[in-house]
Structure formats: C-alpha cells, structure tokens
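The structure file upload.cif is reproduced below (mmCIF, C-alpha atoms and all ligand atoms).
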```cif
data_protein
loop_
_atom_site.group_PDB
_atom_site.id
_atom_site.type_symbol
_atom_site.label_atom_id
_atom_site.label_comp_id
_atom_site.auth_asym_id
_atom_site.auth_seq_id
_atom_site.Cartn_x
_atom_site.Cartn_y
_atom_site.Cartn_z
ATOM 1 C CA MET A 650 75.426 -35.596 -106.102
ATOM 2 C CA SER A 651 74.236 -37.590 -103.063
ATOM 3 C CA GLU A 652 70.543 -38.112 -102.530
ATOM 4 C CA PHE A 653 68.744 -35.817 -100.082
ATOM 5 C CA VAL A 654 66.897 -37.554 -97.251
ATOM 6 C CA ILE A 655 64.185 -35.710 -95.334
ATOM 7 C CA TYR A 656 63.012 -37.017 -91.965
ATOM 8 C CA GLY A 657 59.495 -35.909 -91.222
ATOM 9 C CA ILE A 658 55.805 -36.581 -90.745
ATOM 10 C CA PRO A 659 53.477 -36.298 -93.767
ATOM 11 C CA GLY A 660 51.251 -33.236 -93.384
ATOM 12 C CA SER A 661 53.871 -31.042 -91.711
ATOM 13 C CA PRO A 662 54.129 -27.650 -93.458
ATOM 14 C CA TYR A 663 57.805 -27.327 -92.570
ATOM 15 C CA VAL A 664 58.561 -30.735 -94.057
ATOM 16 C CA ARG A 665 56.641 -29.675 -97.156
ATOM 17 C CA ALA A 666 58.703 -26.463 -97.442
ATOM 18 C CA ALA A 667 61.898 -28.531 -97.582
ATOM 19 C CA LEU A 668 60.347 -30.900 -100.148
ATOM 20 C CA LEU A 669 59.238 -27.903 -102.243
ATOM 21 C CA GLY A 670 62.832 -26.726 -102.452
ATOM 22 C CA LEU A 671 63.990 -30.172 -103.565
ATOM 23 C CA GLU A 672 61.217 -30.421 -106.145
ATOM 24 C CA GLU A 673 61.833 -26.923 -107.525
ATOM 25 C CA LYS A 674 65.525 -27.793 -107.931
ATOM 26 C CA GLY A 675 64.754 -31.149 -109.534
ATOM 27 C CA CYS A 676 66.779 -33.063 -106.908
ATOM 28 C CA ASP A 677 66.605 -36.746 -106.054
ATOM 29 C CA TRP A 678 65.133 -37.016 -102.592
ATOM 30 C CA ARG A 679 63.636 -39.589 -100.283
ATOM 31 C CA LEU A 680 61.303 -39.178 -97.342
ATOM 32 C CA HIS A 681 62.209 -41.027 -94.150
ATOM 33 C CA ALA A 682 58.669 -40.926 -92.768
ATOM 34 C CA LEU A 683 58.117 -40.827 -89.029
ATOM 35 C CA PRO A 684 54.807 -41.832 -87.429
ATOM 36 C CA PHE A 685 52.836 -39.076 -85.657
ATOM 37 C CA GLY A 686 54.576 -38.336 -82.324
ATOM 38 C CA ALA A 687 57.871 -40.001 -83.270
ATOM 39 C CA HIS A 688 59.610 -36.619 -83.491
ATOM 40 C CA LYS A 689 59.945 -36.823 -79.687
ATOM 41 C CA SER A 690 61.462 -40.346 -79.731
ATOM 42 C CA PRO A 691 65.071 -40.808 -78.545
ATOM 43 C CA GLU A 692 65.964 -41.824 -82.104
ATOM 44 C CA HIS A 693 64.720 -38.534 -83.549
ATOM 45 C CA LEU A 694 66.020 -36.435 -80.644
ATOM 46 C CA ALA A 695 69.465 -37.743 -81.576
ATOM 47 C CA ARG A 696 68.921 -36.115 -84.996
ATOM 48 C CA HIS A 697 67.201 -32.977 -83.714
ATOM 49 C CA PRO A 698 67.630 -32.201 -80.004
ATOM 50 C CA PHE A 699 64.655 -29.779 -80.113
ATOM 51 C CA GLY A 700 62.367 -32.598 -81.285
ATOM 52 C CA ARG A 701 61.101 -30.927 -84.435
ATOM 53 C CA ILE A 702 60.815 -31.828 -88.100
ATOM 54 C CA PRO A 703 62.228 -31.809 -90.717
ATOM 55 C CA VAL A 704 65.827 -32.956 -90.564
ATOM 56 C CA MET A 705 67.786 -33.262 -93.808
ATOM 57 C CA ASP A 706 70.700 -35.571 -94.610
ATOM 58 C CA HIS A 707 72.810 -34.827 -97.673
ATOM 59 C CA GLY A 708 75.514 -37.463 -97.767
ATOM 60 C CA ASP A 709 77.301 -37.134 -94.442
ATOM 61 C CA PHE A 710 75.935 -33.605 -93.847
ATOM 62 C CA ARG A 711 72.966 -33.337 -91.470
ATOM 63 C CA LEU A 712 70.953 -30.130 -91.084
ATOM 64 C CA TYR A 713 67.749 -28.933 -89.461
ATOM 65 C CA GLU A 714 65.835 -25.600 -89.610
ATOM 66 C CA VAL A 715 64.047 -25.147 -92.911
ATOM 67 C CA GLN A 716 65.502 -21.759 -93.744
ATOM 68 C CA ALA A 717 68.987 -23.247 -93.347
ATOM 69 C CA ILE A 718 67.991 -26.257 -95.460
ATOM 70 C CA LEU A 719 66.591 -24.113 -98.294
ATOM 71 C CA ARG A 720 69.562 -21.732 -98.279
ATOM 72 C CA TYR A 721 71.996 -24.678 -98.336
ATOM 73 C CA LEU A 722 70.075 -26.236 -101.194
ATOM 74 C CA ASP A 723 70.198 -22.959 -103.106
ATOM 75 C CA ARG A 724 74.000 -22.955 -102.759
ATOM 76 C CA VAL A 725 74.684 -26.574 -103.683
ATOM 77 C CA VAL A 726 72.115 -26.692 -106.502
ATOM 78 C CA PRO A 727 72.325 -23.151 -107.908
ATOM 79 C CA GLU A 728 69.620 -23.422 -110.611
ATOM 80 C CA PRO A 729 66.906 -22.333 -110.647
ATOM 81 C CA ARG A 730 68.019 -19.592 -108.297
ATOM 82 C CA LEU A 731 65.784 -19.096 -105.244
ATOM 83 C CA THR A 732 67.500 -16.025 -103.753
ATOM 84 C CA PRO A 733 67.197 -12.619 -105.449
ATOM 85 C CA ARG A 734 70.394 -10.808 -106.442
ATOM 86 C CA ASP A 735 68.862 -7.430 -105.596
ATOM 87 C CA PRO A 736 69.552 -6.604 -101.910
ATOM 88 C CA ARG A 737 66.097 -5.148 -101.295
ATOM 89 C CA ALA A 738 64.327 -8.122 -102.862
ATOM 90 C CA GLU A 739 66.529 -10.441 -100.771
ATOM 91 C CA ALA A 740 65.595 -8.431 -97.679
ATOM 92 C CA ARG A 741 61.872 -8.888 -98.521
ATOM 93 C CA MET A 742 62.477 -12.619 -98.921
ATOM 94 C CA ASN A 743 64.126 -12.708 -95.502
ATOM 95 C CA GLN A 744 61.308 -10.658 -94.005
ATOM 96 C CA ILE A 745 58.655 -13.109 -95.217
ATOM 97 C CA CYS A 746 60.739 -16.031 -93.914
ATOM 98 C CA GLY A 747 60.823 -14.294 -90.526
ATOM 99 C CA ILE A 748 57.082 -13.549 -90.595
ATOM 100 C CA THR A 749 56.401 -17.208 -91.437
ATOM 101 C CA ASP A 750 58.525 -18.512 -88.553
ATOM 102 C CA TRP A 751 57.732 -15.947 -85.887
ATOM 103 C CA TYR A 752 54.129 -14.894 -86.532
ATOM 104 C CA PHE A 753 52.331 -17.077 -89.066
ATOM 105 C CA MET A 754 53.338 -20.455 -87.611
ATOM 106 C CA PRO A 755 52.665 -19.751 -83.918
ATOM 107 C CA GLN A 756 49.794 -17.291 -84.341
ATOM 108 C CA VAL A 757 47.918 -18.733 -87.343
ATOM 109 C CA SER A 758 48.975 -22.249 -88.375
ATOM 110 C CA ALA A 759 49.225 -23.734 -84.876
ATOM 111 C CA PRO A 760 46.045 -22.296 -83.350
ATOM 112 C CA ILE A 761 43.840 -22.364 -86.480
ATOM 113 C CA SER A 762 45.017 -24.602 -89.361
ATOM 114 C CA PHE A 763 46.326 -27.349 -87.079
ATOM 115 C CA GLN A 764 43.106 -27.365 -85.063
ATOM 116 C CA ARG A 765 40.805 -27.360 -88.074
ATOM 117 C CA LEU A 766 42.627 -29.736 -90.401
ATOM 118 C CA VAL A 767 45.261 -31.766 -88.557
ATOM 119 C CA ALA A 768 43.818 -32.409 -85.083
ATOM 120 C CA PRO A 769 40.648 -34.114 -86.398
ATOM 121 C CA LYS A 770 42.713 -36.441 -88.627
ATOM 122 C CA PHE A 771 44.643 -37.672 -85.601
ATOM 123 C CA GLY A 772 41.614 -37.854 -83.288
ATOM 124 C CA LEU A 773 42.826 -34.916 -81.180
ATOM 125 C CA PRO A 774 40.339 -32.522 -79.534
ATOM 126 C CA VAL A 775 39.811 -29.137 -81.211
ATOM 127 C CA ASP A 776 40.283 -26.162 -78.896
ATOM 128 C CA GLU A 777 37.600 -23.823 -80.263
ATOM 129 C CA ALA A 778 38.347 -21.086 -77.712
ATOM 130 C CA ARG A 779 42.029 -21.004 -78.711
ATOM 131 C CA LEU A 780 41.036 -20.957 -82.349
ATOM 132 C CA ALA A 781 38.600 -18.047 -81.939
ATOM 133 C CA ALA A 782 41.146 -16.064 -79.905
ATOM 134 C CA ALA A 783 43.685 -16.397 -82.739
ATOM 135 C CA ILE A 784 41.518 -14.699 -85.390
ATOM 136 C CA PRO A 785 42.612 -11.075 -84.732
ATOM 137 C CA GLN A 786 46.306 -11.993 -85.027
ATOM 138 C CA ALA A 787 45.581 -14.034 -88.154
ATOM 139 C CA GLU A 788 43.944 -10.959 -89.676
ATOM 140 C CA ILE A 789 47.085 -8.923 -88.956
ATOM 141 C CA SER A 790 49.404 -11.576 -90.455
ATOM 142 C CA VAL A 791 47.371 -11.978 -93.626
ATOM 143 C CA ALA A 792 46.953 -8.215 -94.115
ATOM 144 C CA GLU A 793 50.683 -7.673 -93.735
ATOM 145 C CA ILE A 794 51.624 -10.498 -96.103
ATOM 146 C CA GLY A 795 49.142 -9.080 -98.624
ATOM 147 C CA ARG A 796 50.741 -5.654 -98.254
ATOM 148 C CA VAL A 797 54.256 -7.039 -98.809
ATOM 149 C CA LEU A 798 53.084 -9.024 -101.843
ATOM 150 C CA GLY A 799 51.437 -5.947 -103.394
ATOM 151 C CA ASP A 800 51.133 -6.389 -107.139
ATOM 152 C CA GLN A 801 54.126 -8.739 -107.469
ATOM 153 C CA GLN A 802 53.818 -12.317 -108.680
ATOM 154 C CA PHE A 803 55.782 -13.732 -105.756
ATOM 155 C CA MET A 804 56.615 -12.564 -102.260
ATOM 156 C CA ALA A 805 59.951 -10.953 -103.098
ATOM 157 C CA GLY A 806 59.336 -9.865 -106.668
ATOM 158 C CA ASP A 807 58.441 -11.515 -109.933
ATOM 159 C CA ASP A 808 60.514 -14.655 -109.343
ATOM 160 C CA LEU A 809 59.875 -17.521 -106.964
ATOM 161 C CA THR A 810 62.126 -17.403 -103.893
ATOM 162 C CA ILE A 811 62.676 -19.205 -100.615
ATOM 163 C CA ALA A 812 60.037 -16.885 -99.107
ATOM 164 C CA ASP A 813 57.293 -18.431 -101.258
ATOM 165 C CA LEU A 814 58.460 -21.935 -100.383
ATOM 166 C CA MET A 815 58.484 -21.183 -96.657
ATOM 167 C CA LEU A 816 55.055 -19.564 -96.682
ATOM 168 C CA ALA A 817 53.117 -21.603 -99.254
ATOM 169 C CA PRO A 818 52.559 -24.752 -97.181
ATOM 170 C CA GLN A 819 51.140 -22.646 -94.358
ATOM 171 C CA LEU A 820 49.161 -19.970 -96.194
ATOM 172 C CA THR A 821 47.612 -22.335 -98.746
ATOM 173 C CA THR A 822 46.560 -24.646 -95.900
ATOM 174 C CA PHE A 823 45.154 -21.765 -93.871
ATOM 175 C CA ALA A 824 43.148 -20.739 -96.946
ATOM 176 C CA MET A 825 41.518 -24.196 -96.859
ATOM 177 C CA THR A 826 39.994 -23.599 -93.420
ATOM 178 C CA SER A 827 36.665 -21.774 -93.211
ATOM 179 C CA GLU A 828 38.256 -19.016 -91.092
ATOM 180 C CA GLY A 829 41.223 -18.694 -93.426
ATOM 181 C CA ARG A 830 39.112 -18.586 -96.562
ATOM 182 C CA THR A 831 37.108 -15.666 -95.169
ATOM 183 C CA ILE A 832 40.238 -13.696 -94.245
ATOM 184 C CA VAL A 833 42.310 -14.457 -97.374
ATOM 185 C CA GLN A 834 39.402 -13.591 -99.686
ATOM 186 C CA ARG A 835 39.682 -9.954 -98.591
ATOM 187 C CA TYR A 836 42.963 -9.767 -100.554
ATOM 188 C CA PRO A 837 42.596 -10.625 -104.262
ATOM 189 C CA ASN A 838 46.395 -10.502 -104.710
ATOM 190 C CA LEU A 839 46.775 -13.228 -102.077
ATOM 191 C CA VAL A 840 43.973 -15.307 -103.585
ATOM 192 C CA SER A 841 45.909 -15.202 -106.892
ATOM 193 C CA TRP A 842 49.186 -16.073 -105.168
ATOM 194 C CA VAL A 843 47.554 -19.066 -103.442
ATOM 195 C CA GLU A 844 46.204 -20.265 -106.812
ATOM 196 C CA ARG A 845 49.578 -19.650 -108.488
ATOM 197 C CA MET A 846 51.406 -21.612 -105.805
ATOM 198 C CA ASN A 847 48.878 -24.476 -105.714
ATOM 199 C CA ALA A 848 49.267 -24.863 -109.495
ATOM 200 C CA ARG A 849 53.049 -25.413 -109.309
ATOM 201 C CA PRO A 850 54.192 -28.990 -109.954
ATOM 202 C CA SER A 851 56.234 -28.840 -106.716
ATOM 203 C CA MET A 852 53.082 -28.140 -104.697
ATOM 204 C CA MET A 853 51.103 -30.808 -106.530
ATOM 205 C CA ALA A 854 53.870 -33.365 -105.885
ATOM 206 C CA THR A 855 53.941 -32.681 -102.142
ATOM 207 C CA THR A 856 50.303 -32.637 -101.029
ATOM 208 C CA TRP A 857 49.564 -34.384 -97.753
ATOM 209 C CA GLU A 858 47.954 -37.233 -99.707
ATOM 210 C CA LYS A 859 50.954 -37.659 -102.043
ATOM 211 C CA VAL A 860 53.472 -37.603 -99.184
ATOM 212 C CA THR A 861 51.346 -40.069 -97.179
ATOM 213 C CA GLU A 862 51.317 -42.435 -100.181
ATOM 214 C CA MET A 863 55.108 -42.131 -100.440
ATOM 215 C CA ALA A 864 55.462 -42.895 -96.746
ATOM 216 C CA LYS A 865 53.315 -46.035 -97.126
ATOM 217 C CA ALA A 866 55.230 -47.208 -100.182
ATOM 218 C CA ALA A 867 58.653 -46.759 -98.518
HETATM 219 N N1 LIG A 901 61.962 -23.471 -87.099
HETATM 220 C C1 LIG A 901 61.766 -24.877 -87.350
HETATM 221 C C2 LIG A 901 60.290 -25.186 -87.135
HETATM 222 C C3 LIG A 901 59.957 -26.643 -87.409
HETATM 223 C C4 LIG A 901 58.622 -27.017 -86.782
HETATM 224 O O1 LIG A 901 58.104 -26.339 -85.906
HETATM 225 N N2 LIG A 901 58.103 -28.136 -87.239
HETATM 226 C C5 LIG A 901 56.873 -28.623 -86.636
HETATM 227 C C6 LIG A 901 56.089 -29.467 -87.626
HETATM 228 S S1 LIG A 901 55.386 -28.495 -88.890
HETATM 229 C C7 LIG A 901 57.222 -29.524 -85.472
HETATM 230 O O2 LIG A 901 58.232 -30.184 -85.505
HETATM 231 N N3 LIG A 901 56.379 -29.547 -84.454
HETATM 232 C C8 LIG A 901 56.574 -30.418 -83.347
HETATM 233 C C9 LIG A 901 56.514 -29.728 -82.042
HETATM 234 O O3 LIG A 901 56.241 -28.528 -81.992
HETATM 235 O O4 LIG A 901 56.765 -30.411 -81.052
HETATM 236 C C10 LIG A 901 62.243 -25.228 -88.741
HETATM 237 O O5 LIG A 901 62.369 -24.334 -89.576
HETATM 238 O O6 LIG A 901 62.547 -26.392 -89.024
#
```

Taking this structure as input, can you express it in the form of structure tokens?
Ligand SMILES: N[C@@H](CCC(=O)N[C@@H](CS)C(=O)NCC(=O)O)C(=O)O
Amino acid sequence: MSEFVIYGIPGSPYVRAALLGLEEKGCDWRLHALPFGAHKSPEHLARHPFGRIPVMDHGDFRLYEVQAILRYLDRVVPEPRLTPRDPRAEARMNQICGITDWYFMPQVSAPISFQRLVAPKFGLPVDEARLAAAIPQAEISVAEIGRVLGDQQFMAGDDLTIADLMLAPQLTTFAMTSEGRTIVQRYPNLVSWVERMNARPSMMATTWEKVTEMAKAA
C-alpha cells in the first residue's frame, strides 16, 4: 500500500485527527509540514482551494476534509474498524462528527483553545473579550457531548470510532485551558474519556511536541 502523506501545520487539531486515524490503523505516514500561515500560500491553495489543513495524498489520490479522510482510511484499511455496524451507533458517531465541525470548532476551539494555547506560541494577541463571550456556548457544547457519551467508553459506544478521533484533539486541548478544565470537570464521564483518549498510543504519538519534532527532522 502507498504511503499516506499529510500536509499540515503542527498543532492543528484537524491535522492531528487525520494522524490519529493513521496511527490507530498502523499505517505508514509522513507529515509534509507547512510553516504557520503557509496554508494560504499559492502552493497550498493549489492543494486545497479553501486554504485549510490537512490535505492527504495516498498515492495519486488527493483528499481534504478530515471526515472524508477518516472514512476513506476506514475503507482502505479495514482493521481495526472505526465505524460501528449498528445503525444507531453509526448515527451517534456522525452526530459527534457534526458537533465537532459545526459547534465545537467554531464556538469553543477557535475562540477559547486557540486564544489560550496557540496564539501566545505564535506571538499573536489574545482577544479576551471574544474568549469570555464564548464561555456560554462552550458550556452548551460540553454538556451535550457529556450527555451523548453517557456511561459509554467512547462517543458512539464501547468501541473507538471516527467520532472519538475527530473530537479528541479538540476536547483534550480545551481541557488543558483554565476555562476548559473548569467546564469539563463538571462531567466525570468526560474527564474519564479525556484521560482514556490521552493514554492511547495514537494520542501520545501525535502531541504538538512530537509532531513539531517530526517536522524539524523532515
Ligand atoms: N472541515 C475542515 C476543517 C479544517 C480546518 O478548519 N483546519 C484549520 C486548522 S485546525 C485551518 O485550516 N484553519 C485555517 C483557517 O481557518 O484559515 C476539515 O475537516 O478538514
């Protein structure tokens, strides 16, 4: 099987979600690291006209959008399976993927986690007013994710699925911020899920530090 190549910037939660899928499947992959801001360069816009990361190459097949990447990966590398067979569990997986893309990313990760953890690393100003205004929506997102998780081990049941891989880079990072820690701690089931996810070899292999080291070594 051809190697998978991921174009992205170390630290991006969407890049990490793609890498998690590759790690969970035990695939050979390589990061084509881009410097901060290079996702808007003509070279990258030729790969991804919307100027986002990641982009994946698998042989002569190029794909962007992390849900599409993870679903493709689950088809071409069937084991371990990351999509439930049960229709309702699959629907829950899809629901969490949608919540991650439509609510958690724009309403929690961008206004809170990015400001607290990413902006300072790149010398960007922190917009405290935007951050404070995002707290009520963050509380809704976290409460709803906690409700969906219930007493299951993973977001769509007792097996790891694409939903966990989509959400983990964002929710575990949010839980590292002071605001996120306070909110997540209200839900012991989510605290356990965060610990369970952080303990997975795939998560440990794709921390910001590890991916930055890989980018430097490439
Ligand atoms: N729906 C896209 C979202 C990707 C995304 O938003 N990636 C962020 C990095 S985590 C990005 O490229 N941000 C650059 C920007 O918003 O200009 C996907 O699944 O790939």

Practice problem: Could you give me the residues within 10 Å of ligand LIG 901 (chain A), counting all atoms listed in the file, as a PyMOL selection string? | Solution: chain A and resi 657-667+685-689+697+699-705+712-719+746-747+749-751+754-755+758-759+763+815+818-819

Just the selected residues (C-alpha atoms), exported as an mmCIF file, keeping the file's coordinate frame, please.
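So the final result, stored in again-v9.cif, reads:
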```
data_model
loop_
_atom_site.group_PDB
_atom_site.id
_atom_site.type_symbol
_atom_site.label_atom_id
_atom_site.label_comp_id
_atom_site.auth_asym_id
_atom_site.auth_seq_id
_atom_site.Cartn_x
_atom_site.Cartn_y
_atom_site.Cartn_z
ATOM 1 C CA GLY A 657 59.495 -35.909 -91.222
ATOM 2 C CA ILE A 658 55.805 -36.581 -90.745
ATOM 3 C CA PRO A 659 53.477 -36.298 -93.767
ATOM 4 C CA GLY A 660 51.251 -33.236 -93.384
ATOM 5 C CA SER A 661 53.871 -31.042 -91.711
ATOM 6 C CA PRO A 662 54.129 -27.650 -93.458
ATOM 7 C CA TYR A 663 57.805 -27.327 -92.570
ATOM 8 C CA VAL A 664 58.561 -30.735 -94.057
ATOM 9 C CA ARG A 665 56.641 -29.675 -97.156
ATOM 10 C CA ALA A 666 58.703 -26.463 -97.442
ATOM 11 C CA ALA A 667 61.898 -28.531 -97.582
ATOM 12 C CA PHE A 685 52.836 -39.076 -85.657
ATOM 13 C CA GLY A 686 54.576 -38.336 -82.324
ATOM 14 C CA ALA A 687 57.871 -40.001 -83.270
ATOM 15 C CA HIS A 688 59.610 -36.619 -83.491
ATOM 16 C CA LYS A 689 59.945 -36.823 -79.687
ATOM 17 C CA HIS A 697 67.201 -32.977 -83.714
ATOM 18 C CA PHE A 699 64.655 -29.779 -80.113
ATOM 19 C CA GLY A 700 62.367 -32.598 -81.285
ATOM 20 C CA ARG A 701 61.101 -30.927 -84.435
ATOM 21 C CA ILE A 702 60.815 -31.828 -88.100
ATOM 22 C CA PRO A 703 62.228 -31.809 -90.717
ATOM 23 C CA VAL A 704 65.827 -32.956 -90.564
ATOM 24 C CA MET A 705 67.786 -33.262 -93.808
ATOM 25 C CA LEU A 712 70.953 -30.130 -91.084
ATOM 26 C CA TYR A 713 67.749 -28.933 -89.461
ATOM 27 C CA GLU A 714 65.835 -25.600 -89.610
ATOM 28 C CA VAL A 715 64.047 -25.147 -92.911
ATOM 29 C CA GLN A 716 65.502 -21.759 -93.744
ATOM 30 C CA ALA A 717 68.987 -23.247 -93.347
ATOM 31 C CA ILE A 718 67.991 -26.257 -95.460
ATOM 32 C CA LEU A 719 66.591 -24.113 -98.294
ATOM 33 C CA CYS A 746 60.739 -16.031 -93.914
ATOM 34 C CA GLY A 747 60.823 -14.294 -90.526
ATOM 35 C CA THR A 749 56.401 -17.208 -91.437
ATOM 36 C CA ASP A 750 58.525 -18.512 -88.553
ATOM 37 C CA TRP A 751 57.732 -15.947 -85.887
ATOM 38 C CA MET A 754 53.338 -20.455 -87.611
ATOM 39 C CA PRO A 755 52.665 -19.751 -83.918
ATOM 40 C CA SER A 758 48.975 -22.249 -88.375
ATOM 41 C CA ALA A 759 49.225 -23.734 -84.876
ATOM 42 C CA PHE A 763 46.326 -27.349 -87.079
ATOM 43 C CA MET A 815 58.484 -21.183 -96.657
ATOM 44 C CA PRO A 818 52.559 -24.752 -97.181
ATOM 45 C CA GLN A 819 51.140 -22.646 -94.358
#
```

Item to complete: Run the PyMOL selection byres (((chain A and resi 785) around 12) and not hetatm) on the file and write out the hits as a PyMOL selection string.
Response: chain A and resi 756-757+760-761+779-784+786-792+828-829+832

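Using all atoms listed in the file, the smallest distance between any of A:Leu669, A:Val860, A:Cys676, A:Val726 and Leu816 (chain A) comes from A:Leu669.
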
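We find CA of Arg845 (chain A) and CA of Phe823 (chain A) to be spaced 15.4 Å apart.
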
For a quick check of understanding, using only C-alpha atoms, which of A:Ala695, A:Val767, A:Leu809, A:Ala866 has the smallest distance to Leu731 (chain A)?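 Among the listed residues, A:Leu809 lies closest to Leu731 (chain A).
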
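Reported to one decimal place, the separation of CA of Arg765 (chain A) from CA of Pro837 (chain A) is 23.4 Å.
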
**Prompt:** Restricting the calculation to all atoms listed in the file, which member of A:Val840, A:Ile811, A:Ile794, A:Met863 is positioned closest to Glu673 (chain A)?
**Reply:**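 Residue with the minimum atom-to-atom distance to Glu673 (chain A): A:Ile811.
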
Q | Among the residues A:Asp808, A:Gln801, A:Leu820, A:Arg830, the one that comes closest to Tyr752 (chain A) [using only C-alpha atoms] | A |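 Among A:Asp808, A:Gln801, A:Leu820, A:Arg830, it is A:Leu820 that comes nearest to Tyr752 (chain A).
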
Interatomic distance (Å, one decimal) between CA of Asp800 (chain A) and CA of Arg737 (chain A):
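Value for the CA of Asp800 (chain A)-CA of Arg737 (chain A) distance: 16.1 Å.
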
(request) Quick one: everything within 8 Å of Phe653 (chain A), counting all atoms listed in the file, minus sequence neighbours fewer than 3 positions away in the same chain. Send it as a list in words. (result)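 Result of the neighbour search: Cys676, Asp677, Trp678, Arg679, Met705, Asp706, His707 and Gly708 of chain A.
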
Within-12 Å shell of (47.5, -15.2, -107.9) in input frame, only C-alpha atoms, as a ChimeraX atom specification = /A:795,798-804,807,821,833-834,836-849

Could you give me the axis-aligned bounding box of region 841-860 of chain A, with 6 Å of padding per side, as centre plus edge lengths in Å to one decimal, as AutoDock Vina command-line options?
```
--center_x 51.1 --center_y -26.4 --center_z -103.9 --size_x 22.3 --size_y 34.5 --size_z 24.2
```
